[in-house]
Structures are given as structure tokens and as C-alpha cells.
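protein_15.cif follows; it contains mmCIF, C-alpha atoms.
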```
data_entry
#
loop_
_atom_site.group_PDB
_atom_site.id
_atom_site.type_symbol
_atom_site.label_atom_id
_atom_site.label_comp_id
_atom_site.auth_asym_id
_atom_site.auth_seq_id
_atom_site.Cartn_x
_atom_site.Cartn_y
_atom_site.Cartn_z
ATOM 1 C CA MET A 1 137.555 216.020 40.797
ATOM 2 C CA LYS A 2 135.065 214.673 43.324
ATOM 3 C CA GLU A 3 137.664 215.162 46.032
ATOM 4 C CA PHE A 4 138.433 218.698 44.845
ATOM 5 C CA PHE A 5 134.751 219.624 44.890
ATOM 6 C CA GLY A 6 134.141 217.711 48.125
ATOM 7 C CA ILE A 7 131.545 215.357 46.617
ATOM 8 C CA PRO A 8 129.882 214.142 48.739
ATOM 9 C CA GLU A 9 132.404 215.434 51.285
ATOM 10 C CA TYR A 10 136.151 215.791 51.731
ATOM 11 C CA THR A 11 138.015 212.666 52.826
ATOM 12 C CA ARG A 12 141.261 214.551 53.443
ATOM 13 C CA THR A 13 142.108 216.065 56.812
ATOM 14 C CA PRO A 14 142.510 219.864 56.559
ATOM 15 C CA GLU A 15 146.168 220.863 56.661
ATOM 16 C CA GLY A 16 145.301 223.730 59.004
ATOM 17 C CA ALA A 17 145.845 227.470 59.104
ATOM 18 C CA PHE A 18 149.448 228.588 58.604
ATOM 19 C CA SER A 19 150.550 225.101 57.609
ATOM 20 C CA TRP A 20 153.206 225.075 54.889
ATOM 21 C CA GLN A 21 150.482 224.162 52.399
ATOM 22 C CA HIS A 22 148.400 227.199 53.420
ATOM 23 C CA ILE A 23 151.391 229.545 53.293
ATOM 24 C CA ALA A 24 152.628 228.143 49.957
ATOM 25 C CA PHE A 25 149.198 228.400 48.344
ATOM 26 C CA VAL A 26 148.281 231.908 49.455
ATOM 27 C CA GLY A 27 151.887 233.052 48.981
ATOM 28 C CA SER A 28 151.703 231.978 45.337
ATOM 29 C CA LEU A 29 148.343 233.700 44.850
ATOM 30 C CA LEU A 30 149.529 236.946 46.448
ATOM 31 C CA ALA A 31 152.761 236.916 44.438
ATOM 32 C CA ILE A 32 150.822 236.538 41.171
ATOM 33 C CA MET A 33 148.359 239.214 42.325
ATOM 34 C CA ILE A 34 151.107 241.729 43.152
ATOM 35 C CA ILE A 35 153.176 241.063 40.015
ATOM 36 C CA LEU A 36 150.175 241.341 37.676
ATOM 37 C CA GLY A 37 148.858 244.414 39.499
ATOM 38 C CA ILE A 38 152.157 246.256 39.237
ATOM 39 C CA VAL A 39 153.108 245.153 35.707
ATOM 40 C CA LEU A 40 149.687 245.783 34.138
ATOM 41 C CA GLY A 41 149.167 248.929 36.201
ATOM 42 C CA LEU A 42 152.385 250.450 34.866
ATOM 43 C CA LYS A 43 151.677 249.190 31.345
ATOM 44 C CA TYR A 44 148.247 250.839 31.225
ATOM 45 C CA ARG A 45 149.160 253.962 33.185
ATOM 46 C CA ARG A 46 149.420 256.185 30.104
ATOM 47 C CA LYS A 47 146.630 254.505 28.163
ATOM 48 C CA PRO A 48 143.102 255.943 27.844
ATOM 49 C CA MET A 49 140.477 255.188 30.472
ATOM 50 C CA LYS A 50 138.591 252.954 28.045
ATOM 51 C CA SER A 51 141.576 250.621 27.727
ATOM 52 C CA LYS A 52 142.087 250.519 31.482
ATOM 53 C CA ASN A 53 138.427 249.747 32.005
ATOM 54 C CA ARG A 54 138.699 246.619 29.824
ATOM 55 C CA VAL A 55 141.041 245.139 32.432
ATOM 56 C CA ILE A 56 138.527 245.887 35.199
ATOM 57 C CA ILE A 57 135.719 244.366 33.105
ATOM 58 C CA ILE A 58 137.711 241.142 32.702
ATOM 59 C CA ALA A 59 138.467 241.100 36.445
ATOM 60 C CA ALA A 60 134.785 241.676 37.263
ATOM 61 C CA ILE A 61 133.659 238.838 35.012
ATOM 62 C CA LEU A 62 136.288 236.457 36.381
ATOM 63 C CA ILE A 63 135.593 237.192 40.045
ATOM 64 C CA ASP A 64 131.872 236.500 39.682
ATOM 65 C CA ALA A 65 132.398 233.489 37.388
ATOM 66 C CA VAL A 66 134.639 231.783 39.953
ATOM 67 C CA GLU A 67 132.172 232.596 42.730
ATOM 68 C CA ILE A 68 129.257 231.177 40.732
ATOM 69 C CA ILE A 69 131.177 227.945 40.077
ATOM 70 C CA LYS A 70 131.835 227.675 43.814
ATOM 71 C CA LEU A 71 128.200 228.287 44.735
ATOM 72 C CA VAL A 72 126.919 225.784 42.164
ATOM 73 C CA SER A 73 129.250 223.140 43.591
ATOM 74 C CA PHE A 74 127.982 223.958 47.087
ATOM 75 C CA GLY A 75 124.410 223.593 45.843
ATOM 76 C CA ILE A 76 125.118 220.198 44.295
ATOM 77 C CA ASN A 77 126.708 218.961 47.511
ATOM 78 C CA ALA A 78 123.928 220.372 49.676
ATOM 79 C CA GLY A 79 121.167 219.110 47.406
ATOM 80 C CA GLY A 80 119.624 222.574 47.323
ATOM 81 C CA PHE A 81 120.397 226.243 47.760
ATOM 82 C CA SER A 82 119.471 226.868 51.383
ATOM 83 C CA PHE A 83 123.204 227.328 51.987
ATOM 84 C CA LEU A 84 122.991 230.696 50.200
ATOM 85 C CA ARG A 85 121.740 232.373 53.373
ATOM 86 C CA THR A 86 125.237 232.006 54.843
ATOM 87 C CA ASN A 87 127.095 232.697 51.593
ATOM 88 C CA LEU A 88 125.782 236.111 50.633
ATOM 89 C CA PRO A 89 128.400 238.711 49.544
ATOM 90 C CA LEU A 90 128.029 240.622 52.790
ATOM 91 C CA PHE A 91 131.449 240.251 54.355
ATOM 92 C CA LEU A 92 133.731 243.233 53.878
ATOM 93 C CA CYS A 93 136.013 241.343 51.492
ATOM 94 C CA SER A 94 133.215 239.669 49.502
ATOM 95 C CA ILE A 95 131.509 243.004 48.764
ATOM 96 C CA GLN A 96 133.931 243.222 45.826
ATOM 97 C CA LEU A 97 131.766 240.619 44.075
ATOM 98 C CA ILE A 98 129.277 243.461 43.619
ATOM 99 C CA ALA A 99 131.471 246.572 43.833
ATOM 100 C CA LEU A 100 133.900 245.446 41.113
ATOM 101 C CA PRO A 101 131.209 244.868 38.444
ATOM 102 C CA VAL A 102 129.620 248.206 39.365
ATOM 103 C CA ALA A 103 133.027 249.867 38.960
ATOM 104 C CA ALA A 104 133.469 248.155 35.597
ATOM 105 C CA PHE A 105 130.076 248.799 34.033
ATOM 106 C CA SER A 106 128.694 251.994 35.617
ATOM 107 C CA ARG A 107 129.406 255.600 34.666
ATOM 108 C CA GLY A 108 129.856 259.020 36.181
ATOM 109 C CA ARG A 109 130.342 259.597 39.892
ATOM 110 C CA LEU A 110 129.054 256.143 40.772
ATOM 111 C CA LYS A 111 131.838 254.634 38.669
ATOM 112 C CA GLU A 112 134.436 256.920 40.245
ATOM 113 C CA ALA A 113 133.252 256.127 43.768
ATOM 114 C CA SER A 114 133.071 252.383 43.034
ATOM 115 C CA LEU A 115 136.605 252.379 41.646
ATOM 116 C CA ASP A 116 137.744 254.202 44.780
ATOM 117 C CA PHE A 117 135.862 251.682 46.946
ATOM 118 C CA VAL A 118 137.633 248.753 45.267
ATOM 119 C CA PHE A 119 140.936 250.619 45.544
ATOM 120 C CA ILE A 120 140.408 251.202 49.265
ATOM 121 C CA PHE A 121 139.144 247.774 50.313
ATOM 122 C CA GLY A 122 140.394 245.358 47.624
ATOM 123 C CA LEU A 123 143.914 244.814 48.919
ATOM 124 C CA LEU A 124 142.798 244.689 52.545
ATOM 125 C CA GLY A 125 140.194 242.064 51.661
ATOM 126 C CA ALA A 126 142.727 240.055 49.652
ATOM 127 C CA ILE A 127 145.051 239.710 52.615
ATOM 128 C CA ALA A 128 142.243 239.084 55.108
ATOM 129 C CA GLY A 129 140.615 236.486 52.856
ATOM 130 C CA THR A 130 143.800 234.508 52.166
ATOM 131 C CA VAL A 131 146.359 234.853 54.932
ATOM 132 C CA GLY A 132 143.729 235.700 57.540
ATOM 133 C CA ALA A 133 141.097 233.106 56.592
ATOM 134 C CA ILE A 134 142.036 230.917 59.542
ATOM 135 C CA GLN A 135 138.619 229.327 59.931
ATOM 136 C CA ASN A 136 138.503 228.184 56.281
ATOM 137 C CA TYR A 137 141.929 226.571 56.289
ATOM 138 C CA ASN A 138 141.206 224.824 59.568
ATOM 139 C CA ALA A 139 137.915 223.467 58.207
ATOM 140 C CA TYR A 140 138.728 222.541 54.583
ATOM 141 C CA PRO A 141 141.725 221.150 52.665
ATOM 142 C CA VAL A 142 143.902 223.771 51.022
ATOM 143 C CA LEU A 143 143.345 222.349 47.524
ATOM 144 C CA GLY A 144 139.569 222.172 47.685
ATOM 145 C CA ILE A 145 136.869 224.286 46.062
ATOM 146 C CA HIS A 146 136.230 226.230 49.288
ATOM 147 C CA ASN A 147 139.753 227.585 49.666
ATOM 148 C CA VAL A 148 140.834 227.649 46.019
ATOM 149 C CA ALA A 149 137.792 229.624 44.834
ATOM 150 C CA SER A 150 137.951 231.937 47.841
ATOM 151 C CA GLY A 151 141.669 232.509 47.327
ATOM 152 C CA ILE A 152 141.193 233.323 43.641
ATOM 153 C CA THR A 153 138.291 235.754 44.160
ATOM 154 C CA HIS A 154 140.087 237.587 46.971
ATOM 155 C CA SER A 155 143.254 237.780 44.877
ATOM 156 C CA ILE A 156 141.314 239.224 41.928
ATOM 157 C CA ALA A 157 139.986 241.920 44.268
ATOM 158 C CA GLY A 158 143.529 242.631 45.460
ATOM 159 C CA PHE A 159 144.822 242.764 41.887
ATOM 160 C CA SER A 160 142.038 245.185 40.947
ATOM 161 C CA SER A 161 142.934 247.425 43.875
ATOM 162 C CA LEU A 162 146.588 247.546 42.825
ATOM 163 C CA PHE A 163 145.736 248.046 39.148
ATOM 164 C CA ILE A 164 143.279 250.852 39.884
ATOM 165 C CA GLY A 165 145.810 252.640 42.065
ATOM 166 C CA ILE A 166 148.880 252.206 39.862
ATOM 167 C CA SER A 167 147.175 252.803 36.504
ATOM 168 C CA GLY A 168 145.618 256.039 37.764
ATOM 169 C CA MET A 169 141.982 254.934 37.638
ATOM 170 C CA ALA A 170 141.337 255.972 41.234
ATOM 171 C CA SER A 171 139.910 259.481 41.342
ATOM 172 C CA MET A 172 139.876 259.797 45.152
ATOM 173 C CA LYS A 173 137.882 263.012 44.759
ATOM 174 C CA LYS A 174 136.631 264.567 47.965
ATOM 175 C CA LYS A 175 133.173 265.079 46.492
ATOM 176 C CA ASN A 176 132.841 261.307 46.027
ATOM 177 C CA ILE A 177 133.688 260.423 49.635
ATOM 178 C CA PRO A 178 129.988 260.531 50.678
ATOM 179 C CA ILE A 179 129.195 257.993 47.930
ATOM 180 C CA VAL A 180 131.978 255.693 49.132
ATOM 181 C CA TYR A 181 130.589 255.965 52.672
ATOM 182 C CA ALA A 182 127.068 255.362 51.359
ATOM 183 C CA ILE A 183 128.185 252.150 49.614
ATOM 184 C CA LEU A 184 129.847 250.953 52.806
ATOM 185 C CA LEU A 185 126.886 251.821 55.042
ATOM 186 C CA PHE A 186 124.440 250.208 52.611
ATOM 187 C CA PHE A 187 126.272 246.901 52.888
ATOM 188 C CA CYS A 188 126.593 247.291 56.656
ATOM 189 C CA ALA A 189 122.811 247.733 56.884
ATOM 190 C CA ALA A 190 122.223 244.770 54.553
ATOM 191 C CA ALA A 191 124.587 242.627 56.633
ATOM 192 C CA TYR A 192 122.837 243.668 59.850
ATOM 193 C CA ILE A 193 119.414 242.750 58.436
ATOM 194 C CA ALA A 194 120.718 239.437 57.065
ATOM 195 C CA ASN A 195 122.218 238.627 60.463
ATOM 196 C CA LYS A 196 118.832 239.151 62.092
ATOM 197 C CA ILE A 197 116.980 237.077 59.508
ATOM 198 C CA PHE A 198 119.438 234.184 59.175
ATOM 199 C CA ASP A 199 121.022 234.311 62.641
ATOM 200 C CA TYR A 200 124.466 234.732 61.107
ATOM 201 C CA ASN A 201 127.500 236.959 61.588
ATOM 202 C CA TYR A 202 128.120 238.886 58.368
ATOM 203 C CA MET A 203 130.833 241.533 58.665
ATOM 204 C CA PHE A 204 131.370 240.225 62.217
ATOM 205 C CA LEU A 205 128.695 242.657 63.373
ATOM 206 C CA VAL A 206 127.338 240.178 65.944
ATOM 207 C CA ARG A 207 130.509 238.745 67.506
ATOM 208 C CA ASP A 208 134.247 238.663 66.872
ATOM 209 C CA ASP A 209 134.533 234.886 66.227
ATOM 210 C CA GLY A 210 138.176 234.921 67.269
ATOM 211 C CA THR A 211 139.175 237.712 64.865
ATOM 212 C CA PRO A 212 141.085 240.837 65.981
ATOM 213 C CA TYR A 213 137.656 242.324 66.720
ATOM 214 C CA SER A 214 138.017 240.470 70.031
ATOM 215 C CA ILE A 215 139.813 243.618 71.212
ATOM 216 C CA LEU A 216 136.606 245.537 70.546
ATOM 217 C CA THR A 217 134.631 242.901 72.438
ATOM 218 C CA GLY A 218 136.840 243.534 75.447
ATOM 219 C CA LEU A 219 136.620 247.312 75.163
ATOM 220 C CA THR A 220 132.812 247.215 75.007
ATOM 221 C CA CYS A 221 132.583 244.593 77.776
ATOM 222 C CA GLY A 222 130.548 242.417 75.431
ATOM 223 C CA ASN A 223 127.779 244.991 75.001
ATOM 224 C CA GLN A 224 126.096 244.018 71.722
ATOM 225 C CA VAL A 225 125.000 247.516 70.674
ATOM 226 C CA LEU A 226 128.365 249.100 71.419
ATOM 227 C CA TYR A 227 130.238 246.249 69.746
ATOM 228 C CA THR A 228 128.204 246.492 66.519
ATOM 229 C CA ALA A 229 128.506 250.277 66.456
ATOM 230 C CA GLY A 230 132.233 249.971 67.108
ATOM 231 C CA VAL A 231 132.756 247.654 64.121
ATOM 232 C CA VAL A 232 130.958 250.085 61.807
ATOM 233 C CA VAL A 233 132.924 253.022 63.194
ATOM 234 C CA LEU A 234 136.176 251.157 62.522
ATOM 235 C CA PHE A 235 135.135 250.732 58.882
ATOM 236 C CA LEU A 236 134.423 254.450 58.595
ATOM 237 C CA VAL A 237 137.687 255.399 60.300
ATOM 238 C CA TYR A 238 139.646 253.100 57.986
ATOM 239 C CA VAL A 239 138.186 254.871 54.934
ATOM 240 C CA ALA A 240 139.009 258.291 56.387
ATOM 241 C CA LEU A 241 142.586 257.252 57.195
ATOM 242 C CA PHE A 242 143.032 255.778 53.718
ATOM 243 C CA TYR A 243 142.013 259.076 52.110
ATOM 244 C CA LEU A 244 144.262 261.079 54.442
ATOM 245 C CA ILE A 245 147.280 258.876 53.755
ATOM 246 C CA TYR A 246 146.590 258.965 50.017
ATOM 247 C CA TYR A 247 146.386 262.758 49.995
ATOM 248 C CA PHE A 248 149.514 263.028 52.120
ATOM 249 C CA PHE A 249 151.621 260.927 49.767
ATOM 250 C CA THR A 250 150.249 262.218 46.481
ATOM 251 C CA ARG A 251 150.280 265.873 47.587
ATOM 252 C CA LYS A 252 148.163 266.812 44.600
ATOM 253 C CA LYS A 253 146.020 269.895 44.319
ATOM 254 C CA ARG A 254 142.641 268.397 43.598
ATOM 255 C CA LYS A 255 139.938 270.136 41.596
ATOM 256 C CA ASP A 256 136.852 268.474 43.018
#
```
Any chance you could put this one into C-alpha cells?
Amino acid sequence: MKEFFGIPEYTRTPEGAFSWQHIAFVGSLLAIMIILGIVLGLKYRRKPMKSKNRVIIIAAILIDAVEIIKLVSFGINAGGFSFLRTNLPLFLCSIQLIALPVAAFSRGRLKEASLDFVFIFGLLGAIAGTVGAIQNYNAYPVLGIHNVASGITHSIAGFSSLFIGISGMASMKKKNIPIVYAILLFFCAAAYIANKIFDYNYMFLVRDDGTPYSILTGLTCGNQVLYTAGVVVLFLVYVALFYLIYYFFTRKKRKD
């Protein structure tokens, strides 16, 4: 257990990104995520909203419970909680730690918009935070609290996205698009402020750190203002494209 929680530190050498251990672990998580999302989504599709919401409530509780366990273990290892400044839920995929509980426990248009937000970003975050978490798997063993907890929370977000979409919980109403954008921009602003205060790189608004945003770094010639604005614009464009593709495939006449 000490080795799993890295107390006082890991003695194992990280297996590395895209090692067979990494692929096997995240492959198993994603398989469970997809199977549960599809099976439960179809099972609850014709059930009342209240029943569907119970599933989201359980997912919301689990995602935050796992994250809290991870943070407490970090605090024990660090001998304090100064580490929290670099572990705030201000990356695009970790926003679900807040958005999912809001979707589960709020009401009205805020609930609809939050469910849509999880639907739009949950699956993307799940893939980015498991398969794409190169830096984590290069730094920590696959079967350690860092990667196991992160893999579980990202997979819960992905499951929630699939369940919301398949069960019919996503409203995707045009009148709620401004709220979805407002949620996104709020977290972008919070990430920007946190980056200034803690000298960090939430949402990769400061630099690309070897991610595909390196293309944007090249296009902006390293200009900080243009790069940051470009990252935010990409988020907004992704949301717009998601709505357009959803409307194209559903072809429903919406009464918004």
C-alpha cells in the first residue's frame, strides 16, 4: 500500500507512456467506461428523468470521492497542502469534478446546460486524460495513486458523457448554448488567474508543454497573447462544432 500511494516516494521506475502496461491499463478503463455507458444508457433511455439523474448523482459522488482520496494521499506525502495550487480542477478534463456535481444536483436551465457541458467535454477529457496523459505515465508508475485515480476520474467523466447522450438526458437546446459558453469561459478566466498567481499552466494557456497545442505555438510564432487567445478560441470552436454535428445527425426540430 505504501508503494501504491508512493509513501514516501515510488521506488519503481515508471513504465512510460504507451508502454504495454499503460495501454493495458487505460484500455481496460476505457472498455469498462464504454460498455457501462452504452448498456446503462440504453437501459435508462425510456425511464423518467429522476431515475436517470440517480446514475449521474452516483457518478458525481464517485468522481469527487476518488479525487479527494488522491489529494489526501498527496497531502500526506507532501506533509502539507501547498501542492493544491498545482492540483486545482482547472484543466479542461478536470472541470468535470465540478461540472458533474452541478449537473447532478442543480435544476432548471443550469442543470440542462451542465448536462450538455459534461456531454460535450466528458468523452474528450476521458481520452485526453488516459491515452493522452503522456507526462503522467512517464513520471509515475502505472499502478500508483497518481495514474490510477486520474484514470478512474477521467473514465467516470467519459461514462457520464456517454450515459447522458445515450439515455437522452442531453437537451442540447440552442437557448442554453450561452450558458455552456459561460461555464467554459468562467473556467478559462479562473485558469488564467491561477496561472498568474501560481506560475502554472492550467488549460495549457501559458505554453503547449509538448501537447498538440505546439501547432498553435508555431502559428502564433510564440506570441503569448495570441497563443492564449488561440487556445480559448479552439475551445469555443470545439463547442460550436459539437453542436453542429449533433444537430446534423439528430435532425430534430427543436422547440427552444
In the coordinate frame of the file, compute which residues have an atom within 9 Å of (147.3, 239.6, 50.7) when using all atoms listed in the file, and state them as a PyMOL selection string. chain A and resi 26-27+29-31+33-34+123-132+154-155+158
Which residues would end up in the selection if the PyMOL selection byres ((chain A and resi 149-151) around 12) were applied here, given that I need the answer as a PyMOL selection string? chain A and resi 4-5+22-23+25-30+32-33+62-74+87+89+93-94+97+125-133+136-137+140+142-148+152-158
Find the residues around Ala17 (chain A) up to 6 Å (only C-alpha atoms counted), leave out those fewer than 2 positions away in its own chain, and share them as a ChimeraX atom specification. /A:19,134,137-138
What are the centre and the three edge lengths of an axis-aligned box that wraps all atoms of region 207-213 of chain A in the file, given that 5 Å is added to every side, written as AutoDock Vina command-line options and rounded to one decimal in Å?
```
--center_x 135.8 --center_y 238.6 --center_z 66.2 --size_x 20.6 --size_y 17.4 --size_z 12.6
```
For the atom pair CA of Val232 (chain A) and CA of Ala59 (chain A), what is the interatomic distance in Å to one decimal place?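 Taking CA of Val232 (chain A) as the start and CA of Ala59 (chain A) as the end point, the length is 27.9 Å.
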Show me a table, sorted first by chain and then by increasing residue number, of the residues of region 168-213 of chain A having an atom at most 12 Å from region 217-226 of chain A, each with its shortest atom pair and the distance in Å to one decimal, counting all atoms listed in the file and written as JSON lines.
```
{"residue": "A:Tyr192", "atom": "CA", "partner": "A:Val225", "partner_atom": "CA", "distance": 11.7}
{"residue": "A:Phe204", "atom": "CA", "partner": "A:Thr217", "partner_atom": "CA", "distance": 11.1}
{"residue": "A:Leu205", "atom": "CA", "partner": "A:Gln224", "partner_atom": "CA", "distance": 8.8}
{"residue": "A:Val206", "atom": "CA", "partner": "A:Gln224", "partner_atom": "CA", "distance": 7.0}
{"residue": "A:Arg207", "atom": "CA", "partner": "A:Thr217", "partner_atom": "CA", "distance": 7.7}
{"residue": "A:Asp208", "atom": "CA", "partner": "A:Thr217", "partner_atom": "CA", "distance": 7.0}
{"residue": "A:Asp209", "atom": "CA", "partner": "A:Thr217", "partner_atom": "CA", "distance": 10.1}
{"residue": "A:Gly210", "atom": "CA", "partner": "A:Thr217", "partner_atom": "CA", "distance": 10.1}
{"residue": "A:Thr211", "atom": "CA", "partner": "A:Thr217", "partner_atom": "CA", "distance": 10.2}
{"residue": "A:Pro212", "atom": "CA", "partner": "A:Thr217", "partner_atom": "CA", "distance": 9.4}
{"residue": "A:Tyr213", "atom": "CA", "partner": "A:Thr217", "partner_atom": "CA", "distance": 6.5}
```
Residue neighbourhood region 98-109 of chain A, 7 Å, all atoms listed in the file, exclusion window fewer than 3 positions, as a PDB file with C-alpha atoms, in the frame of the given file:
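Heads up, here's the output in part.pdb:
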```pdb
ATOM      1  CA  ASN A  53     138.427 249.747  32.005  1.00  0.00           C
ATOM      2  CA  ILE A  56     138.527 245.887  35.199  1.00  0.00           C
ATOM      3  CA  ILE A  57     135.719 244.366  33.105  1.00  0.00           C
ATOM      4  CA  ALA A  60     134.785 241.676  37.263  1.00  0.00           C
ATOM      5  CA  ILE A  95     131.509 243.004  48.764  1.00  0.00           C
ATOM      6  CA  GLU A 112     134.436 256.920  40.245  1.00  0.00           C
ATOM      7  CA  ALA A 113     133.252 256.127  43.768  1.00  0.00           C
ATOM      8  CA  SER A 114     133.071 252.383  43.034  1.00  0.00           C
ATOM      9  CA  LEU A 115     136.605 252.379  41.646  1.00  0.00           C
ATOM     10  CA  VAL A 118     137.633 248.753  45.267  1.00  0.00           C
ATOM     11  CA  ASN A 176     132.841 261.307  46.027  1.00  0.00           C
TER      12      ASN A 176
END
```
Excluding region 240-244 of chain A and any residue of its chain fewer than 2 positions from it, enumerate the residues within 10 Å of it, using only C-alpha atoms, and give them as JSON, numbers by chain. {"A": [116, 119, 120, 121, 172, 173, 174, 177, 181, 234, 235, 236, 237, 238, 246, 247, 248, 249]}
A:Ala189, A:Ile58, A:Ala78, A:Leu162 ranked by distance to Ile35 (chain A), top pick (using only C-alpha atoms): A:Leu162
Could you check the closest approach to Ser160 (chain A) for each of A:Phe186, A:Tyr200, A:Tyr227, A:Phe117 and tell me which residue wins, using only C-alpha atoms?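 Once distances to Ser160 (chain A) are computed over only C-alpha atoms, the minimum belongs to A:Phe117.
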Could you state the separation of CA of Phe159 (chain A) and CA of Ala191 (chain A) in Å, given to one decimal place?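 Spanning CA of Phe159 (chain A) to CA of Ala191 (chain A) is a straight-line distance of 25.0 Å.
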Pick from A:Val231, A:Leu88, A:Leu42, A:Leu216: nearest to Ala190 (chain A), with all atoms listed in the file counted?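 Smallest separation from Ala190 (chain A) among the options: A:Leu88.
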Quick one: pull the distance between CA of Tyr44 (chain A) and CA of Ala170 (chain A), Å, one decimal.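 Interatomic distance, CA of Tyr44 (chain A) to CA of Ala170 (chain A): 13.2 Å.
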Using all atoms listed in the file, which of A:Ile179, A:Ile7, A:Leu110, A:Ile166 sits nearest Gly75 (chain A)?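 Among A:Ile179, A:Ile7, A:Leu110, A:Ile166, it is A:Ile7 that comes nearest to Gly75 (chain A).
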Return the single residue from A:Ile183, A:Ala139, A:Met203, A:Leu92 that is closest to Thr13 (chain A), with distances computed using only C-alpha atoms.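 Distance minimum relative to Thr13 (chain A) lands on A:Ala139.
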Up to 12 Å from (142.7, 250.9, 28.0) in the file's coordinates: name the residues, counting all atoms listed in the file, as number ranges by chain. A: 40-58, 163-164, 167-169
I need the residue set behind the PyMOL selection byres ((chain A and resi 86) around 10) for this file; please write it as a list in words.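 Applied to this file, the PyMOL selection byres ((chain A and resi 86) around 10) selects Ser82, Phe83, Leu84, Arg85, Asn87, Leu88, Pro89, Leu90, Ala194, Asn195, Phe198, Asp199, Tyr200, Asn201 and Tyr202 of chain A.
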